[in-house]
Amino acid sequence: MSSNPSASGRNFFTIEPRSCALIVIDMQNAFVAEGAVFETPGARTMIPRLEHLIQFARASGIPIVWTQSDHRPPYGGLMLRKFPPIAEDRVLWRGEASFEMYPHMLQPREGKLEYRILKHKFDAFFETDLDAILRYHDVDTVIVTGTATNACCESTARSAFMRDYKVVFPSDLNATFDDAMHQATLKNIDLFFGRVVSSDELLAEMEAALETSSRL
């Protein structure tokens, strides 16, 4: 008997672009900008790959949901105590520079297939419109990208799985400040909550699926 009884990879599910949504989590100055309080250098490194996926999603009619963390009072709750810079320096308060999207990358577009949501906790589903947006577009698969791998991205992936969404977690389109934590999350997601793939593997599978459907 296998020591790992869970299904993985294509044995779990195949990726059908027409039922996918791309979630881009918290690519904000507080995490991505050089010298930021919660700086995650890997988030800058992955921007070209993330932009490639965003452009593919736009060209293919895949909905994109961009999230931004807003931890100003009263929404921050315990965040204000757990992370003193949030309370003392107004980091990730709406209206502050740290809250804004990192400017040196593709930005959200106005349109029927792109959305921007504010979240106040790690989980992008918690008390937001995310689930309603996905169900409106008949989405059954979410592609989770952004920062940080082991906090907001993992929390959102877990929450998606609990709502019976299939979870795709690109290993090189999530970033955090510690590689051991990054690798632990990838292992955990792949074992319990979804599929971990590289961005190249993801795009190849989606392109093949679209090519097949176009011939039918």
# chains A, B, ... in the order shown; residues from 1 in each chain; ligands from 1
$ residues_around --residues "stretch 73-87 of chain A" --least-positions-apart "4" --cutoff "9 Å" --atoms "only C-alpha atoms" --output "list in words"
Val37, Val91, Leu92, Trp93, Lys119, His120 and Lys121 of chain A
$ write_last_selection --atoms "C-alpha atoms" --output "PDB file, in the first residue's frame"
ATOM      1  CA  VAL A  37       7.872  46.338   6.282  1.00  0.00           C
ATOM      2  CA  VAL A  91       0.749  49.612   7.284  1.00  0.00           C
ATOM      3  CA  LEU A  92      -1.935  48.068   5.076  1.00  0.00           C
ATOM      4  CA  TRP A  93      -4.481  50.725   5.891  1.00  0.00           C
ATOM      5  CA  LYS A 119     -10.079  41.376   2.639  1.00  0.00           C
ATOM      6  CA  HIS A 120      -9.426  41.878   6.316  1.00  0.00           C
ATOM      7  CA  LYS A 121      -8.025  38.450   7.213  1.00  0.00           C
TER       8      LYS A 121
END
$ select_by_dssp --residues "chain A" --states "strand (DSSP E or B)" --output "PDB file with C-alpha atoms, in the first residue's frame"
ATOM      1  CA  CYS A  20     -11.111  28.469 -13.931  1.00  0.00           C
ATOM      2  CA  ALA A  21     -10.585  31.778 -12.176  1.00  0.00           C
ATOM      3  CA  LEU A  22      -7.234  33.361 -11.393  1.00  0.00           C
ATOM      4  CA  ILE A  23      -6.839  34.817  -7.902  1.00  0.00           C
ATOM      5  CA  VAL A  24      -3.983  37.297  -7.452  1.00  0.00           C
ATOM      6  CA  ILE A  25      -3.447  37.799  -3.742  1.00  0.00           C
ATOM      7  CA  GLN A  28       0.678  45.293  -2.566  1.00  0.00           C
ATOM      8  CA  ILE A  64      -9.328  37.446 -12.517  1.00  0.00           C
ATOM      9  CA  VAL A  65      -9.874  38.420  -8.887  1.00  0.00           C
ATOM     10  CA  TRP A  66      -7.322  40.749  -7.297  1.00  0.00           C
ATOM     11  CA  THR A  67      -7.246  40.989  -3.515  1.00  0.00           C
ATOM     12  CA  GLN A  68      -5.885  43.688  -1.230  1.00  0.00           C
ATOM     13  CA  SER A  69      -5.455  43.368   2.521  1.00  0.00           C
ATOM     14  CA  MET A 101      -0.906  47.604  -5.589  1.00  0.00           C
ATOM     15  CA  GLU A 114     -11.783  41.462 -13.459  1.00  0.00           C
ATOM     16  CA  TYR A 115     -12.625  42.223  -9.873  1.00  0.00           C
ATOM     17  CA  ARG A 116     -10.888  43.815  -6.928  1.00  0.00           C
ATOM     18  CA  ILE A 117     -11.879  42.785  -3.414  1.00  0.00           C
ATOM     19  CA  LEU A 118     -10.780  43.972   0.010  1.00  0.00           C
ATOM     20  CA  LYS A 119     -10.079  41.376   2.639  1.00  0.00           C
ATOM     21  CA  THR A 141     -11.306  25.672 -10.213  1.00  0.00           C
ATOM     22  CA  VAL A 142      -9.246  28.452  -8.654  1.00  0.00           C
ATOM     23  CA  ILE A 143      -5.631  29.254  -9.480  1.00  0.00           C
ATOM     24  CA  VAL A 144      -4.125  30.765  -6.329  1.00  0.00           C
ATOM     25  CA  THR A 145      -1.162  33.118  -6.792  1.00  0.00           C
ATOM     26  CA  GLY A 146       0.457  35.966  -4.879  1.00  0.00           C
ATOM     27  CA  THR A 147       1.876  36.535  -1.428  1.00  0.00           C
ATOM     28  CA  LYS A 166     -10.515  22.520  -7.174  1.00  0.00           C
ATOM     29  CA  VAL A 167      -7.310  24.298  -6.193  1.00  0.00           C
ATOM     30  CA  VAL A 168      -4.331  24.919  -8.470  1.00  0.00           C
ATOM     31  CA  PHE A 169      -1.324  26.290  -6.589  1.00  0.00           C
ATOM     32  CA  PRO A 170       1.559  27.312  -8.877  1.00  0.00           C
ATOM     33  CA  ASN A 174       3.507  32.176  -4.806  1.00  0.00           C
ATOM     34  CA  ALA A 175       6.127  33.801  -2.610  1.00  0.00           C
ATOM     35  CA  ARG A 195      -2.536  20.438  -7.179  1.00  0.00           C
ATOM     36  CA  VAL A 196       0.887  22.073  -7.061  1.00  0.00           C
ATOM     37  CA  VAL A 197       2.295  22.766 -10.524  1.00  0.00           C
TER      38      VAL A 197
END
$ select_by_dssp --residues "stretch 65-179 of chain A" --states "alpha helix (DSSP H)" --output "compact mmCIF listing (two decimals) with N, CA and C atoms, in the first residue's frame"
# COMPACT_ATOMS: atom_id res chain seq x y z
N MET A 79 -5.06 41.45 14.12
CA MET A 79 -3.89 41.81 13.29
C MET A 79 -3.18 43.02 13.88
N LEU A 80 -3.94 43.95 14.43
CA LEU A 80 -3.37 45.18 14.97
C LEU A 80 -2.49 44.91 16.19
N ARG A 81 -2.75 43.81 16.88
CA ARG A 81 -1.94 43.44 18.04
C ARG A 81 -0.82 42.48 17.65
N LYS A 82 -1.10 41.57 16.74
CA LYS A 82 -0.11 40.57 16.34
C LYS A 82 1.05 41.22 15.58
N PRO A 84 2.60 44.82 15.21
CA PRO A 84 2.60 46.22 15.65
C PRO A 84 2.72 47.25 14.53
N PRO A 85 3.51 47.02 13.45
CA PRO A 85 3.58 48.05 12.42
C PRO A 85 2.22 48.39 11.80
N ILE A 86 1.32 47.43 11.80
CA ILE A 86 -0.01 47.72 11.24
C ILE A 86 -0.70 48.79 12.06
N ALA A 87 -0.62 48.66 13.38
CA ALA A 87 -1.27 49.64 14.25
C ALA A 87 -0.47 50.93 14.37
N GLU A 88 0.85 50.81 14.50
CA GLU A 88 1.67 51.98 14.81
C GLU A 88 2.05 52.80 13.59
N LEU A 130 -15.92 37.04 -2.76
CA LEU A 130 -15.19 36.13 -3.64
C LEU A 130 -16.04 34.94 -4.06
N ASP A 131 -16.68 34.27 -3.14
CA ASP A 131 -17.46 33.08 -3.47
C ASP A 131 -18.59 33.43 -4.44
N ALA A 132 -19.26 34.55 -4.23
CA ALA A 132 -20.35 34.96 -5.11
C ALA A 132 -19.83 35.24 -6.52
N ILE A 133 -18.68 35.89 -6.63
CA ILE A 133 -18.09 36.18 -7.94
C ILE A 133 -17.78 34.88 -8.68
N LEU A 134 -17.17 33.93 -7.99
CA LEU A 134 -16.81 32.67 -8.63
C LEU A 134 -18.04 31.90 -9.08
N ARG A 135 -19.05 31.84 -8.25
CA ARG A 135 -20.26 31.09 -8.60
C ARG A 135 -21.01 31.77 -9.74
N TYR A 136 -20.99 33.08 -9.79
CA TYR A 136 -21.64 33.81 -10.89
C TYR A 136 -21.04 33.40 -12.23
N GLU A 154 -2.07 30.21 1.29
CA GLU A 154 -2.47 28.91 1.82
C GLU A 154 -3.84 28.98 2.47
N SER A 155 -4.12 30.05 3.22
CA SER A 155 -5.42 30.18 3.86
C SER A 155 -6.54 30.20 2.83
N THR A 156 -6.33 30.90 1.73
CA THR A 156 -7.33 30.99 0.68
C THR A 156 -7.50 29.64 -0.02
N ALA A 157 -6.39 28.95 -0.27
CA ALA A 157 -6.46 27.63 -0.90
C ALA A 157 -7.23 26.65 -0.03
N ARG A 158 -6.97 26.64 1.26
CA ARG A 158 -7.70 25.76 2.16
C ARG A 158 -9.19 26.09 2.14
N SER A 159 -9.50 27.37 2.20
CA SER A 159 -10.89 27.80 2.24
C SER A 159 -11.60 27.44 0.93
N ALA A 160 -10.91 27.55 -0.18
CA ALA A 160 -11.50 27.15 -1.46
C ALA A 160 -11.82 25.66 -1.47
N PHE A 161 -10.90 24.85 -0.99
CA PHE A 161 -11.13 23.41 -0.93
C PHE A 161 -12.33 23.08 -0.06
N MET A 162 -12.48 23.77 1.05
CA MET A 162 -13.63 23.52 1.94
C MET A 162 -14.95 23.86 1.27
N ASP A 179 12.09 30.17 2.57
CA ASP A 179 11.92 29.06 1.63
C ASP A 179 11.41 27.80 2.31
$ atom_distance --atom1 "atom CA of A:Leu202" --atom2 "atom CA of A:Lys187"
17.3 Å
$ residues_around --residues "A:Phe12" --least-positions-apart "4" --cutoff "9 Å" --atoms "only C-alpha atoms" --output "PyMOL selection string"
chain A and resi 6-8+194-195
$ write_last_selection --atoms "C-alpha atoms" --output "PDB file, in the first residue's frame"
ATOM      1  CA  SER A   6      -4.115  10.822  -1.557  1.00  0.00           C
ATOM      2  CA  ALA A   7      -4.707  11.484  -5.268  1.00  0.00           C
ATOM      3  CA  SER A   8      -2.310  13.978  -6.806  1.00  0.00           C
ATOM      4  CA  GLY A 194      -5.084  20.746  -4.421  1.00  0.00           C
ATOM      5  CA  ARG A 195      -2.536  20.438  -7.179  1.00  0.00           C
TER       6      ARG A 195
END
$ atom_distance --atom1 "atom CA of A:Asp140" --atom2 "atom CA of A:Asp172"
22.2 Å
$ closest_residue --among "A:Arg44, A:Arg72, A:Arg163, A:His182" --to "A:Tyr102" --atoms "only C-alpha atoms"
A:Arg44
$ residues_around --residues "A:Asn150" --least-positions-apart "2" --cutoff "7 Å" --atoms "only C-alpha atoms" --output "PyMOL selection string"
chain A and resi 148+152-154+176+181-182+185
$ write_last_selection --atoms "N, CA and C atoms" --output "short mmCIF file (atom, residue, chain, number, x, y, z; two decimals), in the first residue's frame"
data_model
loop_
_atom_site.label_atom_id
_atom_site.label_comp_id
_atom_site.auth_asym_id
_atom_site.auth_seq_id
_atom_site.Cartn_x
_atom_site.Cartn_y
_atom_site.Cartn_z
N ALA A 148 1.28 36.06 0.89
CA ALA A 148 2.43 35.20 1.09
C ALA A 148 2.00 33.74 1.01
N CYS A 152 -1.68 34.17 3.46
CA CYS A 152 -2.91 34.47 2.72
C CYS A 152 -3.16 33.48 1.59
N CYS A 153 -2.12 33.04 0.91
CA CYS A 153 -2.31 32.12 -0.21
C CYS A 153 -2.76 30.74 0.29
N GLU A 154 -2.07 30.21 1.29
CA GLU A 154 -2.47 28.91 1.82
C GLU A 154 -3.84 28.98 2.47
N THR A 176 6.98 33.79 -0.37
CA THR A 176 7.02 34.18 1.03
C THR A 176 8.47 34.48 1.40
N MET A 181 9.29 27.60 4.75
CA MET A 181 7.84 27.75 4.87
C MET A 181 7.16 27.59 3.51
N HIS A 182 7.79 28.13 2.48
CA HIS A 182 7.25 28.00 1.12
C HIS A 182 7.13 26.52 0.75
N THR A 185 4.40 24.62 2.67
CA THR A 185 3.05 24.88 2.16
C THR A 185 2.80 24.13 0.87
#
$ closest_residue --among "A:Ala180, A:Ala151, A:Leu106, A:Leu186" --to "A:Leu50" --atoms "only C-alpha atoms"
A:Leu106
